[in-house]
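So this block is work.txt, compact mmCIF, C-alpha atoms:
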# COMPACT_ATOMS: atom_id res chain seq x y z
CA MET Q 8 297.30 139.84 102.76
CA SER Q 9 298.99 136.92 104.45
CA GLN Q 10 297.62 133.86 106.18
CA VAL Q 11 299.42 131.02 107.94
CA ALA Q 12 297.64 127.74 108.60
CA THR Q 13 298.89 124.58 110.28
CA ALA Q 14 297.94 121.05 109.27
CA GLY Q 15 296.95 119.35 112.50
CA ARG Q 16 296.61 115.72 113.65
CA HIS Q 17 298.65 114.11 116.36
CA PRO Q 18 302.20 113.28 115.19
CA VAL Q 19 303.26 109.66 114.89
CA VAL Q 20 306.68 108.05 115.44
CA LEU Q 21 308.35 106.24 112.55
CA PRO Q 22 311.70 104.46 112.15
CA MET Q 23 314.26 106.21 109.97
CA THR Q 24 315.07 104.80 106.56
CA ALA Q 25 318.70 104.09 105.66
CA THR Q 26 318.90 107.32 103.66
CA GLN Q 27 317.52 109.34 106.58
CA ARG Q 28 320.02 107.75 108.99
CA GLU Q 29 322.86 108.62 106.62
CA LEU Q 30 321.75 112.26 106.48
CA TRP Q 31 321.26 112.38 110.24
CA HIS Q 32 324.54 110.75 111.26
CA SER Q 33 326.65 112.70 108.76
CA ARG Q 34 325.16 116.13 109.49
CA HIS Q 35 328.17 117.16 111.61
CA ASP Q 36 330.65 116.07 108.92
CA ILE Q 37 329.00 117.58 105.85
CA GLY Q 38 327.01 120.44 107.37
CA PRO Q 39 323.30 121.26 107.27
CA CYS Q 40 321.11 119.59 104.68
CA PRO Q 41 319.94 121.77 101.80
CA VAL Q 42 316.24 122.37 101.34
CA HIS Q 43 314.49 122.16 97.97
CA THR Q 44 311.67 124.32 96.59
CA ARG Q 45 309.65 123.53 93.48
CA ALA Q 46 306.55 125.33 92.21
CA LEU Q 47 303.78 125.49 89.62
CA ARG Q 48 302.44 128.58 87.87
CA LEU Q 49 298.63 128.43 87.51
CA THR Q 50 297.20 130.78 84.90
CA GLY Q 51 293.47 131.41 84.62
CA THR Q 52 290.64 131.19 87.12
CA VAL Q 53 292.00 130.10 90.51
CA ASP Q 54 290.29 130.24 93.91
CA ASP Q 55 293.25 130.94 96.22
CA THR Q 56 291.39 130.04 99.42
CA ARG Q 57 290.13 126.74 98.00
CA LEU Q 58 293.63 125.92 96.71
CA ALA Q 59 295.10 126.55 100.18
CA ALA Q 60 292.38 124.34 101.69
CA SER Q 61 293.33 121.58 99.25
CA ALA Q 62 296.97 121.93 100.34
CA ARG Q 63 295.95 121.50 104.00
CA GLN Q 64 293.90 118.42 103.18
CA VAL Q 65 296.77 116.84 101.25
CA VAL Q 66 299.48 117.39 103.87
CA ALA Q 67 297.13 115.99 106.51
CA ALA Q 68 296.94 112.75 104.50
CA PHE Q 69 300.66 111.92 104.78
CA ASP Q 70 302.08 110.87 108.17
CA VAL Q 71 305.68 111.38 107.03
CA LEU Q 72 305.19 115.17 106.97
CA ARG Q 73 304.56 115.41 110.71
CA ALA Q 74 306.15 112.21 112.09
CA GLY Q 75 308.88 112.03 114.69
CA PHE Q 76 311.72 109.75 113.61
CA VAL Q 77 313.78 107.34 115.70
CA THR Q 78 317.11 105.78 114.76
CA GLU Q 79 316.24 102.55 116.61
CA PRO Q 80 312.87 101.14 117.77
CA GLY Q 81 311.95 102.14 121.30
CA GLU Q 82 314.17 105.23 121.41
CA GLU Q 83 312.99 108.80 121.76
CA PRO Q 84 312.58 110.65 118.44
CA VAL Q 85 315.80 112.35 117.35
CA VAL Q 86 313.95 114.29 114.65
CA GLN Q 87 310.72 116.01 115.63
CA PRO Q 88 309.48 118.11 112.71
CA ALA Q 89 307.42 121.23 112.96
CA SER Q 90 303.85 120.89 111.73
CA PRO Q 91 303.45 121.35 107.98
CA ARG Q 92 302.37 124.90 107.13
CA VAL Q 93 300.26 126.34 104.35
CA GLN Q 94 300.96 130.01 103.64
CA GLN Q 95 298.76 132.21 101.47
CA THR Q 96 299.81 135.65 100.31
CA THR Q 97 299.70 138.16 97.45
CA VAL Q 98 302.77 139.80 95.92
CA ASP Q 99 303.66 141.91 92.90
CA GLY Q 100 305.40 139.82 90.24
CA ASP Q 101 307.76 136.89 89.91
CA GLY Q 102 310.79 138.53 91.54
CA THR Q 103 309.01 139.21 94.81
CA CYS Q 104 307.50 135.74 94.69
CA LEU Q 105 310.98 134.18 94.45
CA ASP Q 106 312.03 136.16 97.54
CA VAL Q 107 308.95 134.98 99.45
CA LEU Q 108 309.62 131.36 98.50
CA ASP Q 109 313.24 131.79 99.57
CA ASN Q 110 312.03 132.77 103.05
CA HIS Q 111 309.71 129.76 103.15
CA ARG Q 112 312.60 127.50 102.08
CA ARG Q 113 314.80 128.79 104.90
CA SER Q 114 312.02 128.37 107.46
CA ALA Q 115 311.64 124.71 106.41
CA GLY Q 116 315.36 124.12 106.87
CA HIS Q 117 315.80 124.36 110.63
CA HIS Q 118 317.52 121.12 111.58
CA CYS Q 119 316.05 121.03 115.09
CA ALA Q 120 312.52 121.18 113.64
CA PRO Q 121 312.56 120.42 109.90
CA SER Q 122 309.31 120.97 108.11
CA VAL Q 123 307.38 121.23 104.87
CA VAL Q 124 305.90 124.56 103.78
CA LEU Q 125 303.28 124.88 101.03
CA SER Q 126 302.75 128.32 99.57
CA VAL Q 127 299.86 129.82 97.59
CA VAL Q 128 301.14 133.11 96.17
CA ARG Q 129 299.07 135.31 93.87
CA THR Q 130 301.46 137.17 91.60
CA ALA Q 131 298.98 138.75 89.14
CA PRO Q 132 295.20 138.97 88.65
CA ALA Q 133 295.20 135.79 86.54
CA GLU Q 134 298.29 134.02 87.98
CA VAL Q 135 298.90 132.03 91.14
CA VAL Q 136 302.07 130.18 92.16
CA LEU Q 137 301.69 126.95 94.14
CA ALA Q 138 304.99 126.00 95.79
CA VAL Q 139 306.34 123.46 98.25
CA SER Q 140 309.57 123.59 100.24
CA GLY Q 141 310.72 120.54 102.17
CA HIS Q 142 313.57 119.40 104.35
CA PRO Q 143 315.32 116.31 102.87
CA LEU Q 144 314.90 114.42 106.15
CA LEU Q 145 311.17 114.45 105.38
CA VAL Q 146 310.86 114.68 101.58
CA ASP Q 147 313.18 114.36 98.60
CA LEU Q 148 312.96 116.30 95.35
CA ARG Q 149 310.66 113.77 93.68
CA SER Q 150 308.26 114.13 96.62
CA LEU Q 151 307.91 117.86 95.99
CA TYR Q 152 306.61 117.18 92.49
CA LEU Q 153 304.31 114.48 93.86
CA LEU Q 154 302.93 116.86 96.51
CA LEU Q 155 302.30 119.57 93.95
CA GLY Q 156 300.45 117.05 91.81
CA ALA Q 157 298.44 115.80 94.77
CA VAL Q 158 297.31 119.32 95.71
CA MET Q 159 296.15 119.94 92.14
CA GLN Q 160 294.37 116.58 92.13
CA HIS Q 161 292.51 117.59 95.30
CA TYR Q 162 291.67 121.03 93.91
CA LEU Q 163 290.19 119.38 90.80
CA GLY Q 164 288.37 116.70 92.83
CA ARG Q 165 290.60 113.78 91.83
CA PHE Q 166 292.76 113.17 94.92
CA ARG Q 167 292.76 109.54 96.09
CA PRO Q 168 295.03 109.04 99.15
CA ASP Q 169 295.03 105.26 98.75
CA GLU Q 170 296.84 105.67 95.40
CA TYR Q 171 299.91 106.81 97.33
CA PRO Q 172 301.81 104.03 99.14
CA THR Q 173 302.37 104.70 102.84
CA PHE Q 174 305.78 105.66 104.19
CA THR Q 175 305.76 102.56 106.42
CA GLN Q 176 305.22 100.23 103.45
CA ALA Q 177 307.95 101.86 101.39
CA ALA Q 178 310.41 102.00 104.31
CA ALA Q 179 309.88 98.28 104.95
CA ALA Q 180 310.55 97.51 101.28
CA CYS Q 181 313.75 99.58 101.40
CA ALA Q 182 314.88 97.84 104.59
CA GLU Q 183 314.34 94.45 102.94
CA LEU Q 184 316.29 95.65 99.92
CA ALA Q 185 319.17 96.90 102.08
CA GLY Q 186 319.36 93.52 103.80
CA GLN Q 187 320.12 91.80 100.49
CA HIS Q 188 323.44 93.52 99.74
CA GLY Q 189 325.76 91.17 101.63
CA GLY Q 190 326.92 89.29 98.53
CA ARG Q 191 327.74 92.52 96.70
CA ILE Q 192 330.33 93.85 99.15
CA ALA Q 193 333.16 91.85 97.58
CA TRP Q 194 332.49 93.44 94.17
CA TRP Q 195 332.45 96.91 95.70
CA SER Q 196 335.67 96.20 97.61
CA ARG Q 197 337.40 95.39 94.34
CA GLN Q 198 336.11 98.60 92.76
CA LEU Q 199 337.27 100.73 95.67
CA ASP Q 200 340.75 99.20 95.33
CA ARG Q 201 340.86 100.32 91.68
CA TRP Q 202 339.31 103.75 92.01
CA PRO Q 203 341.28 106.87 92.96
CA ARG Q 204 341.05 108.20 96.49
CA PRO Q 205 339.17 111.47 97.05
CA VAL Q 206 341.21 114.65 97.03
CA ASP Q 207 342.09 115.68 100.60
CA GLY Q 208 340.70 118.81 102.18
CA PRO Q 209 337.22 119.99 103.21
CA ALA Q 210 334.78 121.20 100.58
CA VAL Q 211 334.23 124.95 100.39
CA ARG Q 212 330.63 125.81 101.27
CA VAL Q 213 330.29 128.87 99.02
CA ARG Q 214 330.40 127.60 95.45
CA HIS Q 215 330.88 129.26 92.09
CA GLN Q 216 327.80 128.87 89.88
CA ALA Q 217 327.56 128.71 86.11
CA GLN Q 218 324.69 127.87 83.78
CA LEU Q 219 324.37 126.37 80.31
CA SER Q 220 320.98 127.00 78.71
CA MET Q 221 319.59 124.86 75.89
CA THR Q 222 316.48 125.12 73.78
CA ARG Q 223 314.07 122.19 74.09
CA SER Q 224 314.88 120.99 70.56
CA ARG Q 225 318.62 121.09 71.28
CA TRP Q 226 318.15 119.07 74.46
CA GLN Q 227 315.98 116.55 72.61
CA ARG Q 228 318.70 116.09 69.99
CA LEU Q 229 321.20 115.42 72.77
CA CYS Q 230 318.82 112.83 74.22
CA GLN Q 231 318.90 110.99 70.89
CA VAL Q 232 322.67 110.68 70.43
CA SER Q 233 322.62 106.99 71.38
CA ALA Q 234 319.74 104.78 70.32
CA HIS Q 235 320.89 102.00 72.67
CA ALA Q 236 320.82 103.99 75.93
CA GLY Q 237 317.21 105.15 76.02
CA ASN Q 238 316.99 108.80 77.04
CA ALA Q 239 320.68 109.56 76.59
CA GLY Q 240 320.80 113.29 77.43
CA PRO Q 241 322.08 112.95 81.02
CA LEU Q 242 324.45 110.16 79.94
CA ALA Q 243 325.80 112.36 77.15
CA ILE Q 244 326.61 115.10 79.67
CA VAL Q 245 328.52 112.58 81.80
CA ALA Q 246 330.34 111.37 78.68
CA LEU Q 247 331.45 114.92 77.86
CA LEU Q 248 332.64 115.40 81.45
CA THR Q 249 334.55 112.12 81.21
CA TRP Q 250 336.32 113.34 78.07
CA TRP Q 251 337.08 116.68 79.74
CA GLY Q 252 338.38 114.95 82.87
CA GLN Q 253 340.75 112.74 80.90
CA HIS Q 254 342.41 115.84 79.50
CA THR Q 255 342.57 117.80 82.76
CA GLU Q 256 343.60 114.89 85.02
CA PRO Q 257 344.50 111.94 82.75
CA ALA Q 258 345.92 109.85 85.58
CA ARG Q 259 342.61 109.75 87.51
CA ARG Q 260 339.88 107.35 86.46
CA PRO Q 261 336.60 109.30 86.35
CA VAL Q 262 334.28 108.31 89.19
CA PHE Q 263 330.89 109.98 89.52
CA GLN Q 264 328.16 110.14 92.14
CA THR Q 265 324.51 110.56 91.26
CA THR Q 266 321.22 110.74 93.08
CA PHE Q 267 319.36 107.43 92.85
CA ASP Q 268 315.58 107.24 93.14
CA LEU Q 269 314.60 104.10 95.03
CA ARG Q 270 310.98 104.38 93.86
CA ASP Q 271 311.97 103.19 90.41
CA TYR Q 272 314.57 100.68 91.56
CA ALA Q 273 312.44 99.03 94.27
CA GLY Q 274 309.04 99.55 92.64
CA LEU Q 275 307.81 101.72 95.52
CA GLY Q 276 305.32 103.71 93.48
CA PRO Q 277 304.49 107.40 94.10
CA VAL Q 278 305.38 107.40 97.79
CA ILE Q 279 305.97 110.70 99.62
CA GLY Q 280 309.14 110.73 101.69
CA PRO Q 281 312.95 110.64 101.59
CA PHE Q 282 313.54 107.78 99.15
CA THR Q 283 316.49 109.09 97.16
CA ASP Q 284 319.88 107.55 97.84
CA ARG Q 285 323.24 108.18 96.17
CA LEU Q 286 325.01 105.92 93.69
CA VAL Q 287 328.73 105.79 92.84
CA PHE Q 288 329.86 104.63 89.40
CA ALA Q 289 332.95 104.73 87.22
CA VAL Q 290 333.51 104.97 83.47
CA ASP Q 291 336.00 102.73 81.65
CA THR Q 292 338.38 105.06 79.80
CA THR Q 293 340.51 102.41 78.11
CA ASP Q 294 341.47 103.42 74.53
CA LEU Q 295 339.22 106.48 74.51
CA THR Q 296 340.95 108.12 71.57
CA THR Q 297 340.02 105.20 69.30
CA MET Q 298 336.32 105.43 70.17
CA THR Q 299 333.37 107.45 68.90
CA PHE Q 300 331.26 109.65 71.14
CA GLN Q 301 328.39 107.17 70.92
CA ASP Q 302 330.76 104.44 72.17
CA LEU Q 303 331.61 106.59 75.20
CA VAL Q 304 327.93 107.21 75.96
CA ARG Q 305 327.41 103.45 75.95
CA ARG Q 306 330.35 103.02 78.34
CA VAL Q 307 328.83 105.59 80.69
CA HIS Q 308 325.56 103.65 80.56
CA ALA Q 309 327.38 100.37 81.25
CA GLY Q 310 329.23 101.85 84.23
CA LEU Q 311 325.99 103.21 85.68
CA LEU Q 312 324.16 99.90 85.20
CA ASP Q 313 327.02 97.99 86.88
CA SER Q 314 326.42 100.03 90.04
CA VAL Q 315 322.63 99.91 89.78
CA VAL Q 316 322.40 96.11 89.57
CA ARG Q 317 324.82 95.84 92.52
CA TYR Q 318 323.15 98.58 94.53
CA VAL Q 319 324.34 98.94 98.12
CA PRO Q 320 323.07 101.82 100.32
CA TYR Q 321 325.39 104.81 100.13
CA GLY Q 322 325.95 104.83 103.89
CA VAL Q 323 327.22 101.24 103.78
CA LEU Q 324 329.61 102.09 100.94
CA ARG Q 325 330.85 105.20 102.71
CA ARG Q 326 331.70 103.22 105.85
CA LEU Q 327 333.36 100.50 103.76
CA ALA Q 328 335.52 103.09 101.96
CA THR Q 329 336.45 104.84 105.22
CA GLU Q 330 337.52 101.56 106.81
CA ARG Q 331 339.83 100.84 103.89
CA ALA Q 332 341.43 104.29 103.69
CA PRO Q 333 340.68 107.75 105.11
CA GLY Q 334 338.78 110.20 102.95
CA GLY Q 335 335.54 108.41 102.15
CA LEU Q 336 334.13 107.53 98.73
CA PRO Q 337 335.51 108.86 95.45
CA GLY Q 338 333.39 110.93 93.13
CA GLU Q 339 334.58 114.41 92.24
CA VAL Q 340 331.42 115.07 90.21
CA LEU Q 341 327.94 114.81 91.74
CA ILE Q 342 324.99 114.64 89.35
CA ASN Q 343 321.80 115.77 91.06
CA TYR Q 344 319.39 114.11 88.67
CA CYS Q 345 318.68 110.45 88.06
CA ARG Q 346 315.96 110.87 85.43
CA THR Q 347 314.74 113.44 82.97
CA PRO Q 348 313.01 116.16 85.02
CA PRO Q 349 309.35 117.00 84.40
CA THR Q 350 308.58 119.71 81.88
CA SER Q 351 305.74 122.15 81.36
CA ASP Q 352 305.00 120.63 77.95
CA THR Q 353 302.95 117.86 79.59
CA THR Q 354 300.42 120.32 81.06
CA ARG Q 355 300.28 123.26 78.65
CA GLY Q 356 297.01 123.08 76.77
CA GLU Q 357 295.85 119.90 78.52
CA ARG Q 358 292.14 119.48 77.74
CA THR Q 359 290.84 118.71 81.22
CA LEU Q 360 292.62 121.73 82.65
CA ALA Q 361 291.27 123.89 79.85
CA ARG Q 362 287.73 122.95 80.86
CA HIS Q 363 288.49 124.38 84.30
CA GLY Q 364 289.88 127.55 82.77
CA LEU Q 365 293.41 126.67 83.86
CA SER Q 366 296.87 126.33 82.39
CA ILE Q 367 299.71 124.87 84.47
CA GLU Q 368 303.46 125.01 84.00
CA LEU Q 369 306.54 124.78 86.18
CA PHE Q 370 307.45 128.08 87.83
CA ARG Q 371 311.01 129.36 87.40
CA GLU Q 372 312.52 125.94 88.08
CA SER Q 373 316.12 126.84 87.25
CA ASP Q 374 315.92 129.96 89.45
CA LEU Q 375 314.58 127.92 92.36
CA ALA Q 376 317.30 125.31 91.86
CA LEU Q 377 320.06 127.94 91.88
CA ARG Q 378 318.66 129.65 94.98
CA GLY Q 379 318.51 126.38 96.84
CA ALA Q 380 320.74 123.38 96.31
CA GLY Q 381 320.48 120.01 94.65
CA ALA Q 382 321.71 117.20 96.86
CA HIS Q 383 324.33 117.70 99.54
CA PRO Q 384 327.72 117.94 97.79
CA GLY Q 385 329.78 116.39 100.60
CA ARG Q 386 333.30 116.29 99.17
CA ALA Q 387 332.24 116.47 95.51
CA ALA Q 388 334.10 119.28 93.76
CA ILE Q 389 331.51 119.81 91.01
CA GLU Q 390 327.72 119.46 91.18
CA LEU Q 391 325.42 119.36 88.18
CA GLU Q 392 321.67 119.74 88.09
CA LEU Q 393 319.17 119.79 85.25
CA ALA Q 394 316.16 122.12 85.41
CA GLU Q 395 313.61 123.66 83.12
CA HIS Q 396 314.65 127.14 81.98
CA ARG Q 397 312.10 129.22 80.08
CA ASP Q 398 311.18 127.07 77.06
CA GLY Q 399 314.19 124.78 77.32
CA GLU Q 400 316.55 123.18 79.80
CA ALA Q 401 319.43 124.50 81.87
CA LEU Q 402 322.46 122.61 83.09
CA LEU Q 403 323.38 124.21 86.42
CA VAL Q 404 326.98 123.82 87.54
CA ARG Q 405 328.26 124.54 91.06
CA ALA Q 406 331.94 124.10 91.84
CA ASP Q 407 334.27 124.21 94.82
CA PRO Q 408 336.66 127.10 94.03
CA ALA Q 409 339.40 125.45 96.06
CA ARG Q 410 339.48 122.61 93.51
CA PHE Q 411 338.19 124.30 90.36
CA PRO Q 412 338.72 128.08 90.13
CA PRO Q 413 335.82 130.07 88.64
CA HIS Q 414 337.62 130.76 85.34
CA ARG Q 415 338.14 127.03 84.86
CA VAL Q 416 334.47 126.26 85.54
CA ASP Q 417 333.34 128.97 83.13
CA ALA Q 418 335.68 127.51 80.50
CA LEU Q 419 334.19 124.05 81.15
CA VAL Q 420 330.66 125.36 80.53
CA ARG Q 421 331.70 127.16 77.34
CA GLY Q 422 333.40 123.97 76.16
CA LEU Q 423 330.29 121.88 76.88
CA ASP Q 424 328.24 124.38 74.90
CA ARG Q 425 330.44 123.90 71.82
CA GLN Q 426 330.70 120.14 72.24
CA ILE Q 427 326.94 119.67 72.46
CA ASP Q 428 326.59 121.24 69.02
CA GLN Q 429 329.31 118.94 67.66
CA VAL Q 430 327.99 115.66 69.09
CA THR Q 431 324.36 116.37 68.20
CA ALA Q 432 325.40 117.15 64.62
CA ARG Q 433 327.64 114.06 64.44
CA PRO Q 434 326.92 111.54 67.24
CA SER Q 435 329.46 109.16 65.70
CA ILE Q 436 332.28 111.73 65.84
CA ARG Q 437 335.59 110.21 66.89
CA LEU Q 438 336.71 111.45 70.30
CA ALA Q 439 340.12 112.21 68.80
CA ASP Q 440 338.32 114.81 66.66
CA LEU Q 441 336.34 116.31 69.56
CA PRO Q 442 338.17 119.16 71.33
CA ALA Q 443 338.15 118.65 75.09
CA ASP Q 444 337.51 122.33 75.86
When written as structure tokens, how does the structure in this file appear?
Amino acid sequence: MSQVATAGRHPVVLPMTATQRELWHSRHDIGPCPVHTRALRLTGTVDDTRLAASARQVVAAFDVLRAGFVTEPGEEPVVQPASPRVQQTTVDGDGTCLDVLDNHRRSAGHHCAPSVVLSVVRTAPAEVVLAVSGHPLLVDLRSLYLLLGAVMQHYLGRFRPDEYPTFTQAAAACAELAGQHGGRIAWWSRQLDRWPRPVDGPAVRVRHQAQLSMTRSRWQRLCQVSAHAGNAGPLAIVALLTWWGQHTEPARRPVFQTTFDLRDYAGLGPVIGPFTDRLVFAVDTTDLTTMTFQDLVRRVHAGLLDSVVRYVPYGVLRRLATERAPGGLPGEVLINYCRTPPTSDTTRGERTLARHGLSIELFRESDLALRGAGAHPGRAAIELELAEHRDGEALLVRADPARFPPHRVDALVRGLDRQIDQVTARPSIRLADLPAD
């Protein structure tokens, strides 16, 4: 059984945000944008038809999902998305469901008519998967989680559209923010003079993939290695990569790129849309061998904060770097997370859901992440993404084989696996005592 429904309403025309313009203008240089899919597994009593109706009501509430976008006011739309679709079907098991969602992800990715697809897929008598796939010109990864939450709110009678800021309000706040970066250009110019130039040559599209799985308790111990950096798990991974990079290419200062959620930075609230930019930051590697691992985590945090407090839109930085020297911005490693991802722990056994006969958890997040892509890699040689994997976390690694052959990437992942055990057992271990691989 399969149904396809379209969320109607007349489309509106909206101005592109800075992040949208960067994606749009660079599409010929870096190739087609990847499309994300994220999903929930609902176990218990679920009315599939009512859930699909809730999905249609939710997508109809957000103009950004069906708006045409213009690069400048008064111009014709350069992006005219297809209408959001809600698809309802029944399949046999998780594997077939992943294949169905893969098809939905590809259908949302047509650049001439990008779209958002919501899927209600019954996989077993007592299990339904609710999924959303979205083109990054319309929605970023955070928006997919917000849309899934909004559909469940509607299904449970709690959806309040006015609790979600409008795209127009958020875009105006971002435009005001972007207009305040003039005084920061001099600082960035000095950094670009000090940082290494990107390695020449186009990125290879087909990338080698590797995965490091961690139990939840192991990940939580990694998040606690530095009491001064808050949730230090992602920072600890960057610190380990910094140590590895200093041994593989000691002459190059490590420069990273990471996705940067403007909702948190600009106080935008839970807005649906493309509000994730990219941040570039470096780590000071002076006298590393005399430091402890905790010291290096703090240096990673300091390097990230330096770039956050001097935030300039990525497109502006890319043009500034290109004007100074060919090749664009540095950043061999791209980190596709800027916060700890959501986990199923927050919904398993939740009392209100239990009253409705429901249990909710994320559906095969690491599999969906590997089948799709994180952010667009551009010239980054290595991408990292964090996703829930079974009852723990998975660090997903994708690498350009022209820069890092598969055997080297596999060795990196095995080395990270060993190092995580060492630094969680002894966070104050001296780097001189920590093997780099």
Could you name the residues that touch Leu312 of chain Q at 12 Å or less, counting only C-alpha atoms, but leaving out those on the same chain fewer than 4 positions away, as a VMD selection string?
chain Q and resid 236 242 267 272 286 to 290 305 to 308 316 to 318
Could you give me, as a PyMOL selection string, the residues within 9 Å of Thr249 of chain Q, counting all atoms listed in the file and dropping anything in the same chain fewer than 3 positions from it?
chain Q and resi 244-246+252-254+260-262+290+292+303+307
Write a file of the selected residues as a PDB file, in the coordinates of the input, keeping C-alpha atoms.
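Result file follows (selection-v1.pdb):
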ATOM      1  CA  ILE Q 244     326.610 115.100  79.670  1.00  0.00           C
ATOM      2  CA  VAL Q 245     328.520 112.580  81.800  1.00  0.00           C
ATOM      3  CA  ALA Q 246     330.340 111.370  78.680  1.00  0.00           C
ATOM      4  CA  GLY Q 252     338.380 114.950  82.870  1.00  0.00           C
ATOM      5  CA  GLN Q 253     340.750 112.740  80.900  1.00  0.00           C
ATOM      6  CA  HIS Q 254     342.410 115.840  79.500  1.00  0.00           C
ATOM      7  CA  ARG Q 260     339.880 107.350  86.460  1.00  0.00           C
ATOM      8  CA  PRO Q 261     336.600 109.300  86.350  1.00  0.00           C
ATOM      9  CA  VAL Q 262     334.280 108.310  89.190  1.00  0.00           C
ATOM     10  CA  VAL Q 290     333.510 104.970  83.470  1.00  0.00           C
ATOM     11  CA  THR Q 292     338.380 105.060  79.800  1.00  0.00           C
ATOM     12  CA  LEU Q 303     331.610 106.590  75.200  1.00  0.00           C
ATOM     13  CA  VAL Q 307     328.830 105.590  80.690  1.00  0.00           C
TER      14      VAL Q 307
END
Distance of atom CA of Arg405 of chain Q from atom CA of Ala439 of chain Q, expressed in Å to one decimal place
28.1 Å
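You will find atom CA of Arg45 of chain Q at 29.4 Å from atom CA of Val232 of chain Q.
Between atom CA of Thr296 of chain Q and atom CA of Asp440 of chain Q the interatomic distance comes to 8.7 Å.
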Spatial neighbours of Thr431 of chain Q, 9 Å, only C-alpha atoms, chain gap at least 5 places, as a ChimeraX atom specification
/Q:225,228-232,426
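For Arg129 of chain Q, the set of protein, DNA and RNA residues having any atom at most 9 Å away, when counting only C-alpha atoms and skipping those fewer than 5 positions along the same chain, is Asp55, Gln95, Thr96, Thr97, Val98, Asp99, Gly100, Cys104, Glu134, Val135, Val136 and Leu137 of chain Q.
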I'd like the contact shell of segment 173-179 of chain Q - 12 Å cut-off, all atoms listed in the file, skipping same-chain residues fewer than 3 positions apart - returned as an NGL selection string.
:Q and (19-27 or 68-74 or 76 or 145-146 or 150 or 168-170 or 182-186 or 269-283)
Centre, edges in Å (one decimal): axis-aligned box, segment 122-133 of chain Q, 4 Å padding on all six sides, as lines of an AutoDock Vina configuration file:
center_x = 302.3
center_y = 130.0
center_z = 97.3
size_x = 22.1
size_y = 26.0
size_z = 29.6
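Of the listed residues (Q:Ala328, Q:Leu403, Q:Ala376, Q:Ala409), Q:Ala328 comes nearest to Pro205 of chain Q; the distances count only C-alpha atoms.
With distances taken over all atoms listed in the file, Q:Arg378 is the one residue among Q:His188, Q:Arg410, Q:Arg378, Q:Arg421 lying closest to Asp109 of chain Q.
Comparing the minimum interatomic distances between Arg57 of chain Q and each of Q:Val127, Q:Ala388, Q:Ala115, Q:Leu199, counting only C-alpha atoms, we find that Q:Val127 sits nearest.
Distances to Ala131 of chain Q were evaluated for Q:Glu372, Q:Asp101, Q:Asp106, Q:Glu256 using all atoms listed in the file, and the minimum falls at Q:Asp101.
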Please work out which residues fall within 10 Å of (316.2, 117.7, 105.6), coordinates as given in the file, with only C-alpha atoms counting, and return them as a PyMOL selection string.
chain Q and resi 27+30-31+34+39-43+86+88+115-118+120-123+141-147+281
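With distances restricted to all atoms listed in the file, Q:Thr255 is the closest residue to Arg415 of chain Q from Q:Thr293, Q:Thr255, Q:Ser351, Q:Asn110.
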Using only C-alpha atoms, find all polymer residues with an atom at most 8 Å away from the point (313.2, 122.4, 77.9); report them as a PDB file with C-alpha atoms, keeping the file's coordinate frame.
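Resulting contents of result19.pdb:
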ATOM      1  CA  MET Q 221     319.590 124.860  75.890  1.00  0.00           C
ATOM      2  CA  THR Q 222     316.480 125.120  73.780  1.00  0.00           C
ATOM      3  CA  ARG Q 223     314.070 122.190  74.090  1.00  0.00           C
ATOM      4  CA  SER Q 224     314.880 120.990  70.560  1.00  0.00           C
ATOM      5  CA  TRP Q 226     318.150 119.070  74.460  1.00  0.00           C
ATOM      6  CA  THR Q 350     308.580 119.710  81.880  1.00  0.00           C
ATOM      7  CA  GLU Q 395     313.610 123.660  83.120  1.00  0.00           C
ATOM      8  CA  HIS Q 396     314.650 127.140  81.980  1.00  0.00           C
ATOM      9  CA  ARG Q 397     312.100 129.220  80.080  1.00  0.00           C
ATOM     10  CA  ASP Q 398     311.180 127.070  77.060  1.00  0.00           C
ATOM     11  CA  GLY Q 399     314.190 124.780  77.320  1.00  0.00           C
ATOM     12  CA  GLU Q 400     316.550 123.180  79.800  1.00  0.00           C
ATOM     13  CA  ALA Q 401     319.430 124.500  81.870  1.00  0.00           C
TER      14      ALA Q 401
END
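Ranking Q:Gly322, Q:Gly51, Q:Gly156, Q:Pro241 by their shortest atom-to-atom distance to Ala394 of chain Q, with only C-alpha atoms included, puts Q:Pro241 first.
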